[in-house]
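Here is the file run11.cif (mmCIF, C-alpha atoms).
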```
data_entry
loop_
_atom_site.label_atom_id
_atom_site.label_comp_id
_atom_site.auth_asym_id
_atom_site.auth_seq_id
_atom_site.Cartn_x
_atom_site.Cartn_y
_atom_site.Cartn_z
CA MET A 453 -0.25 98.50 -25.01
CA GLU A 454 0.07 100.64 -21.93
CA GLU A 455 -2.93 98.90 -20.38
CA THR A 456 -1.24 95.53 -20.89
CA VAL A 457 1.91 96.70 -19.13
CA TYR A 458 -0.08 97.92 -16.14
CA ASP A 459 -2.07 94.68 -16.12
CA VAL A 460 1.11 92.63 -16.08
CA ILE A 461 2.53 94.70 -13.22
CA THR A 462 -0.72 94.28 -11.29
CA ALA A 463 -0.79 90.54 -11.91
CA VAL A 464 2.83 90.12 -10.80
CA LEU A 465 2.28 92.13 -7.61
CA MET A 466 -0.88 90.17 -6.78
CA LEU A 467 0.89 86.87 -7.41
CA GLY A 468 3.68 87.96 -5.07
CA GLY A 469 1.21 88.86 -2.35
CA ALA A 470 -0.66 85.58 -2.77
CA LEU A 471 2.62 83.70 -2.54
CA MET A 472 3.32 85.44 0.77
CA SER A 473 -0.08 84.32 2.09
CA LEU A 474 0.57 80.79 0.89
CA ALA A 475 4.02 80.76 2.53
CA ALA A 476 2.46 81.91 5.80
CA ALA A 477 -0.13 79.13 5.69
CA ILE A 478 2.50 76.48 4.92
CA GLY A 479 4.63 77.84 7.75
CA LEU A 480 1.67 77.76 10.13
CA ILE A 481 1.01 74.14 9.28
CA ARG A 482 4.54 72.79 9.21
CA PHE A 483 6.55 74.76 11.79
CA PRO A 484 7.03 73.07 15.14
CA ASP A 485 6.28 75.67 17.83
CA LEU A 486 4.67 79.02 18.50
CA LEU A 487 7.71 81.24 17.98
CA SER A 488 8.61 79.79 14.57
CA ARG A 489 4.95 80.02 13.53
CA MET A 490 5.02 83.68 14.52
CA HIS A 491 7.97 84.11 12.16
CA ALA A 492 5.87 82.72 9.30
CA ALA A 493 2.74 84.66 10.23
CA THR A 494 4.23 88.12 9.61
CA LYS A 495 4.66 87.62 5.84
CA PRO A 496 1.12 88.36 4.63
CA GLN A 497 0.63 91.02 7.31
CA VAL A 498 3.40 93.30 6.08
CA LEU A 499 4.96 92.39 2.72
CA GLY A 500 1.88 90.62 1.37
CA LEU A 501 -0.33 93.57 2.23
CA LEU A 502 2.17 96.00 0.69
CA LEU A 503 2.21 94.04 -2.59
CA PHE A 504 -1.58 93.90 -2.74
CA LEU A 505 -1.91 97.62 -2.01
CA LEU A 506 0.65 98.40 -4.73
CA ALA A 507 -1.34 96.23 -7.12
CA LEU A 508 -4.46 98.20 -6.25
CA ALA A 509 -2.62 101.50 -6.76
CA VAL A 510 -1.22 100.40 -10.13
CA GLU A 511 -4.61 99.14 -11.28
CA PHE A 512 -6.50 102.35 -10.42
CA ARG A 513 -3.67 104.89 -10.99
CA SER A 514 -5.49 107.50 -8.94
CA TRP A 515 -3.73 110.03 -6.70
CA LYS A 516 -6.78 110.23 -4.45
CA LEU A 517 -6.39 106.57 -3.58
CA LEU A 518 -2.78 106.74 -2.48
CA PRO A 519 -3.24 108.41 0.95
CA VAL A 520 -5.81 105.80 1.94
CA LEU A 521 -3.53 102.97 0.91
CA ALA A 522 -0.62 104.60 2.76
CA VAL A 523 -2.79 104.85 5.88
CA VAL A 524 -3.72 101.18 5.60
CA TRP A 525 -0.10 100.10 5.33
CA ILE A 526 1.22 102.45 8.03
CA PHE A 527 -1.38 101.33 10.53
CA MET A 528 -0.68 97.71 9.71
CA LEU A 529 3.02 98.40 10.35
CA LEU A 530 2.12 100.01 13.67
CA THR A 531 -0.30 97.38 14.95
CA ALA A 532 1.19 94.11 13.73
CA PRO A 533 4.24 94.38 16.06
CA VAL A 534 1.97 95.15 19.01
CA SER A 535 -0.02 91.96 18.66
CA ALA A 536 3.11 89.96 17.82
CA HIS A 537 4.84 91.33 20.94
CA MET A 538 1.91 90.46 23.19
CA VAL A 539 1.53 86.97 21.74
CA GLY A 540 5.26 86.32 21.96
CA ARG A 541 5.48 87.56 25.53
CA ALA A 542 2.51 85.49 26.65
CA GLY A 543 3.96 82.48 24.86
CA TYR A 544 7.35 82.88 26.55
CA ARG A 545 5.87 83.37 30.00
CA THR A 546 3.54 80.39 29.75
CA LYS A 547 6.30 78.19 28.29
CA HIS A 548 4.67 77.73 24.90
CA LEU A 549 8.04 77.14 23.34
CA ARG A 550 10.43 74.26 22.88
CA PRO A 551 13.75 75.33 24.40
CA GLU A 552 15.66 72.55 22.62
CA LEU A 553 14.85 74.27 19.29
CA LEU A 554 16.34 77.62 20.35
CA VAL A 555 19.86 78.42 19.24
CA ILE A 556 20.17 81.06 21.95
CA ASP A 557 17.74 82.22 24.62
CA GLU A 558 18.84 85.76 25.41
CA LEU A 559 16.26 86.06 28.18
CA ASP A 560 17.67 83.04 30.02
CA ASP A 561 20.23 85.04 32.06
CA VAL A 562 17.72 87.75 32.91
CA VAL A 563 15.09 85.27 34.07
CA GLU A 564 17.66 83.37 36.14
CA ARG A 565 18.92 86.55 37.81
CA ALA A 566 15.40 87.73 38.54
CA GLN A 567 14.52 84.39 40.10
CA ARG A 568 17.68 84.45 42.23
CA LEU A 569 16.92 87.97 43.45
CA LEU A 570 13.36 86.93 44.24
CA ARG A 571 14.59 83.91 46.19
CA GLU A 572 17.06 86.03 48.17
CA ALA A 573 14.39 88.58 48.95
CA GLU A 574 12.12 85.84 50.23
CA GLU A 575 14.86 84.37 52.43
CA GLU A 576 15.63 87.81 53.78
CA ALA A 577 11.98 88.31 54.57
CA LEU A 578 12.00 85.02 56.48
CA GLU A 579 15.06 86.12 58.48
CA ASP A 580 13.40 89.42 59.23
CA GLU A 581 10.47 87.50 60.58
CA ASP A 582 12.88 85.69 62.94
CA ASP A 583 14.16 89.04 64.14
CA ASP A 584 10.71 90.17 65.17
CA PRO A 585 11.23 91.77 68.63
CA ARG A 586 7.88 90.59 69.92
CA VAL A 587 8.78 86.92 69.47
CA ASP A 588 11.21 85.30 71.91
CA ASP A 589 13.19 83.13 69.55
CA ASP A 590 15.97 82.19 71.95
CA PRO A 591 14.43 81.83 75.42
CA GLY A 592 17.73 80.84 77.08
CA HIS A 593 19.27 84.31 76.84
CA SER A 594 19.17 86.92 79.56
CA TYR A 595 19.26 90.67 79.19
CA THR A 596 22.96 91.19 79.93
CA GLY A 597 22.75 94.88 79.24
CA GLU A 598 20.73 95.37 82.41
CA LEU A 599 22.49 92.91 84.71
CA ASP A 600 25.98 92.77 86.10
CA ASP A 601 27.93 89.50 86.36
CA ASP A 602 26.82 88.57 89.88
CA GLU A 603 23.16 88.99 89.11
CA MET A 604 23.59 86.89 85.99
CA LEU A 605 25.23 84.08 87.93
CA ARG A 606 22.49 84.22 90.53
CA ALA A 607 19.80 84.16 87.90
CA ARG A 608 21.32 81.15 86.20
CA GLY A 609 21.91 79.36 89.50
CA THR A 610 18.33 79.69 90.68
CA GLY A 611 16.86 78.67 87.37
CA ALA A 612 15.38 82.11 86.73
CA GLY A 613 16.06 81.59 83.06
CA GLU A 614 13.69 78.65 83.00
CA ALA A 615 11.11 80.66 84.91
CA LEU A 616 11.36 83.44 82.38
CA ASN A 617 11.12 80.78 79.75
CA SER A 618 7.89 79.34 81.07
CA ASP A 619 6.49 82.85 81.40
CA ALA A 620 7.12 83.42 77.74
CA GLN A 621 5.40 80.17 76.88
CA ARG A 622 2.22 81.07 78.75
CA PRO A 623 -0.57 81.95 76.38
CA GLY A 624 -1.38 85.17 78.17
CA LYS A 625 2.04 86.66 77.60
CA ASN A 626 2.78 85.13 74.26
CA PRO A 627 2.17 87.89 71.70
CA GLU A 628 1.29 85.38 69.02
CA GLY A 629 -1.02 83.32 71.18
CA MET B 1165 -3.21 86.77 -18.94
CA MET B 1166 -4.93 88.81 -16.29
CA SER B 1167 -7.70 86.28 -15.72
CA ALA B 1168 -5.23 83.42 -15.39
CA ALA B 1169 -3.31 85.41 -12.79
CA VAL B 1170 -6.54 86.16 -10.94
CA VAL B 1171 -7.46 82.48 -10.87
CA ALA B 1172 -3.99 81.58 -9.59
CA VAL B 1173 -4.17 84.28 -6.91
CA SER B 1174 -7.63 83.14 -5.83
CA VAL B 1175 -6.55 79.52 -5.56
CA MET B 1176 -3.46 80.45 -3.56
CA LEU B 1177 -5.48 82.63 -1.19
CA ALA B 1178 -8.04 79.85 -0.75
CA VAL B 1179 -5.34 77.31 0.05
CA ALA B 1180 -3.71 79.77 2.46
CA GLY B 1181 -7.02 80.40 4.19
CA ALA B 1182 -7.60 76.66 4.48
CA GLY B 1183 -4.16 76.27 6.07
CA ALA B 1184 -4.85 79.03 8.58
CA ILE B 1185 -8.23 77.46 9.44
CA TYR B 1186 -6.51 74.09 9.87
CA ARG B 1187 -4.14 75.66 12.41
CA ILE B 1188 -7.06 77.35 14.19
CA ALA B 1189 -8.86 74.02 14.48
CA ARG B 1190 -5.76 72.02 15.41
CA GLY B 1191 -4.36 74.29 18.11
CA PRO B 1192 -2.63 73.05 20.21
CA SER B 1193 -2.67 76.22 22.34
CA ILE B 1194 -4.86 79.31 22.35
CA LEU B 1195 -1.89 81.40 21.21
CA ASP B 1196 -1.49 79.31 18.06
CA ARG B 1197 -5.15 79.84 17.30
CA VAL B 1198 -4.90 83.59 17.82
CA LEU B 1199 -1.85 83.76 15.58
CA ALA B 1200 -3.59 81.76 12.85
CA SER B 1201 -6.67 83.97 13.06
CA ASP B 1202 -4.43 87.01 12.57
CA VAL B 1203 -3.08 85.39 9.41
CA LEU B 1204 -6.64 84.57 8.30
CA LEU B 1205 -7.57 88.22 8.74
CA ALA B 1206 -4.64 89.29 6.55
CA ILE B 1207 -5.71 86.75 3.92
CA VAL B 1208 -9.28 88.08 4.01
CA GLY B 1209 -7.93 91.59 3.47
CA ALA B 1210 -5.91 90.36 0.50
CA ALA B 1211 -9.00 88.67 -0.93
CA LEU B 1212 -10.97 91.91 -0.59
CA ILE B 1213 -8.26 93.81 -2.47
CA THR B 1214 -8.22 91.13 -5.17
CA ASP B 1215 -11.98 91.50 -5.53
CA MET B 1216 -11.63 95.28 -5.87
CA ILE B 1217 -8.98 94.86 -8.57
CA VAL B 1218 -10.95 92.29 -10.55
CA TYR B 1219 -14.29 94.10 -10.53
CA ARG B 1220 -12.73 97.59 -10.62
CA ASN B 1221 -14.63 99.06 -7.67
CA LEU B 1222 -13.60 100.53 -4.32
CA ASP B 1223 -16.46 99.19 -2.22
CA TYR B 1224 -14.33 97.39 0.37
CA LEU B 1225 -11.70 100.07 0.91
CA ALA B 1226 -13.19 101.15 4.23
CA LEU B 1227 -13.25 97.52 5.34
CA VAL B 1228 -9.55 97.11 4.51
CA VAL B 1229 -8.75 100.29 6.45
CA ALA B 1230 -10.74 99.00 9.43
CA ILE B 1231 -8.94 95.64 9.34
CA SER B 1232 -5.54 97.30 9.46
CA LEU B 1233 -6.67 99.70 12.19
CA ILE B 1234 -8.36 97.40 14.71
CA GLY B 1235 -7.35 93.92 13.58
CA PHE B 1236 -4.75 93.64 16.34
CA ILE B 1237 -7.13 94.21 19.25
CA GLY B 1238 -8.41 90.64 19.37
CA SER B 1239 -5.02 88.98 19.56
CA VAL B 1240 -3.73 91.53 22.10
CA THR B 1241 -6.76 90.90 24.32
CA VAL B 1242 -6.42 87.14 24.20
CA ALA B 1243 -2.65 87.26 24.75
CA ARG B 1244 -3.16 89.58 27.72
CA PHE B 1245 -5.35 87.10 29.55
CA VAL B 1246 -3.73 83.83 28.54
CA THR B 1247 -2.71 81.63 31.47
CA ASP B 1248 -0.64 78.52 32.00
CA ARG B 1249 -3.43 76.19 30.98
CA ARG B 1250 -3.01 74.71 27.52
#
```
Can you turn what I pasted into structure tokens?
Amino acid sequence: MEETVYDVITAVLMLGGALMSLAAAIGLIRFPDLLSRMHAATKPQVLGLLLFLLALAVEFRSWKLLPVLAVVWIFMLLTAPVSAHMVGRAGYRTKHLRPELLVIDELDDVVERAQRLLREAEEEALEDEDDDPRVDDDPGHSYTGELDDDEMLRARGTGAGEALNSDAQRPGKNPEG
Amino acid sequence: MMSAAVVAVSVMLAVAGAGAIYRIARGPSILDRVLASDVLLAIVGAALITDMIVYRNLDYLALVVAISLIGFIGSVTVARFVTDRR
């Protein structure tokens, strides 16, 4: 009598675990994209495994077996999220998802902000390149800090600016040339 | 009663394994295949436990422990090096 009860419990637990595996397979086949398939794939890894391990424990009814089964389940709980996280992250980064199926994409704002910051940083770097002191970006200017007004007028009148200009264009003096 | 349940469990596990293999073969991306192989590994573990229950031995217990310990390494490795190519 007691044996029959334990057998029934074992059979029910095994059937539950097998149903989880079957649900995962059906989900893998029928779901439309990677993220929804990931949702289906976790069933046999966690709940299905737990049901099968409980079935094993009920069938053998041995205290020595329990720590091993606990270790199996705990390590499955620890490692399944790691692989799921890595797969999900790689899938999101390589656009293995269909955005029209998402109700909400909570990473959207973050990605947008990060891209804007990156763009701004790049533009700033470009401007910094323009400010490079070794490159004469605006050849028409004269060094007013060193000259008074008369000297400036004289320099402009005699075309010294253009002379300076052509100096800067010569390959020998051009720092980038 | 017990044997009927075992047959039902075996058939369900076989169908589930076939579905996972179908997704491995079909793709379309490497990540789908990795995910399906993870599921196939869980199904294999379940089949091992079923075998232990039916034949009342503990031969595969170490194998089940090993699956739960290092089964994630393959998918983590593949996901780490996946690129934009489909």
Item to complete: Compute the chain A side of the contact with chain B at 7 Å, counting all atoms listed in the file, and hand it back as a ChimeraX atom specification.
Response: /A:459,463,466-467,470-471,473-474,477-478,480-481,486,490,493,496-497,501,504,508,511,524,527-528,531-532,535,538-539,542-543,546
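Between atom CA of A:Leu465 and atom CA of A:Val510 there is a distance of 9.3 Å.
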Worksheet entry | Non-local contacts of A:Leu502 (8 Å; all atoms listed in the file; under 3 positions in same chain excluded) as JSON, numbers by chain | {"A": [469, 498, 499, 505, 506, 525]}
Step by step, gather every atom of stretch 1221-1225 of chain B that the file lists, find the box along x, y and z that holds them, add 5 Å on each side, and finally give centre and edge lengths in Å to one decimal, as lines of an AutoDock Vina configuration file.
```
center_x = -14.1
center_y = 99.0
center_z = -3.4
size_x = 14.8
size_y = 13.1
size_z = 18.6
```
Discussion item. Please compute the atom CA of A:His491-atom CA of A:Val563 distance, one decimal, in Å.
Written reply: 23.1 Å
Worksheet entry | Straight-line distance linking atom CA of B:Gly1191 with atom CA of A:Leu529, stated in Å to one decimal |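 Here the two named atoms are 26.4 Å from each other.
The list of residues within 10 Å of (10.9, 79.0, 27.9), counted using all atoms listed in the file, is Gly543, Tyr544, Arg545, Thr546, Lys547, His548, Leu549, Arg550, Pro551, Glu552, Leu554, Asp557, Leu559, Asp560 and Val563 of chain A.
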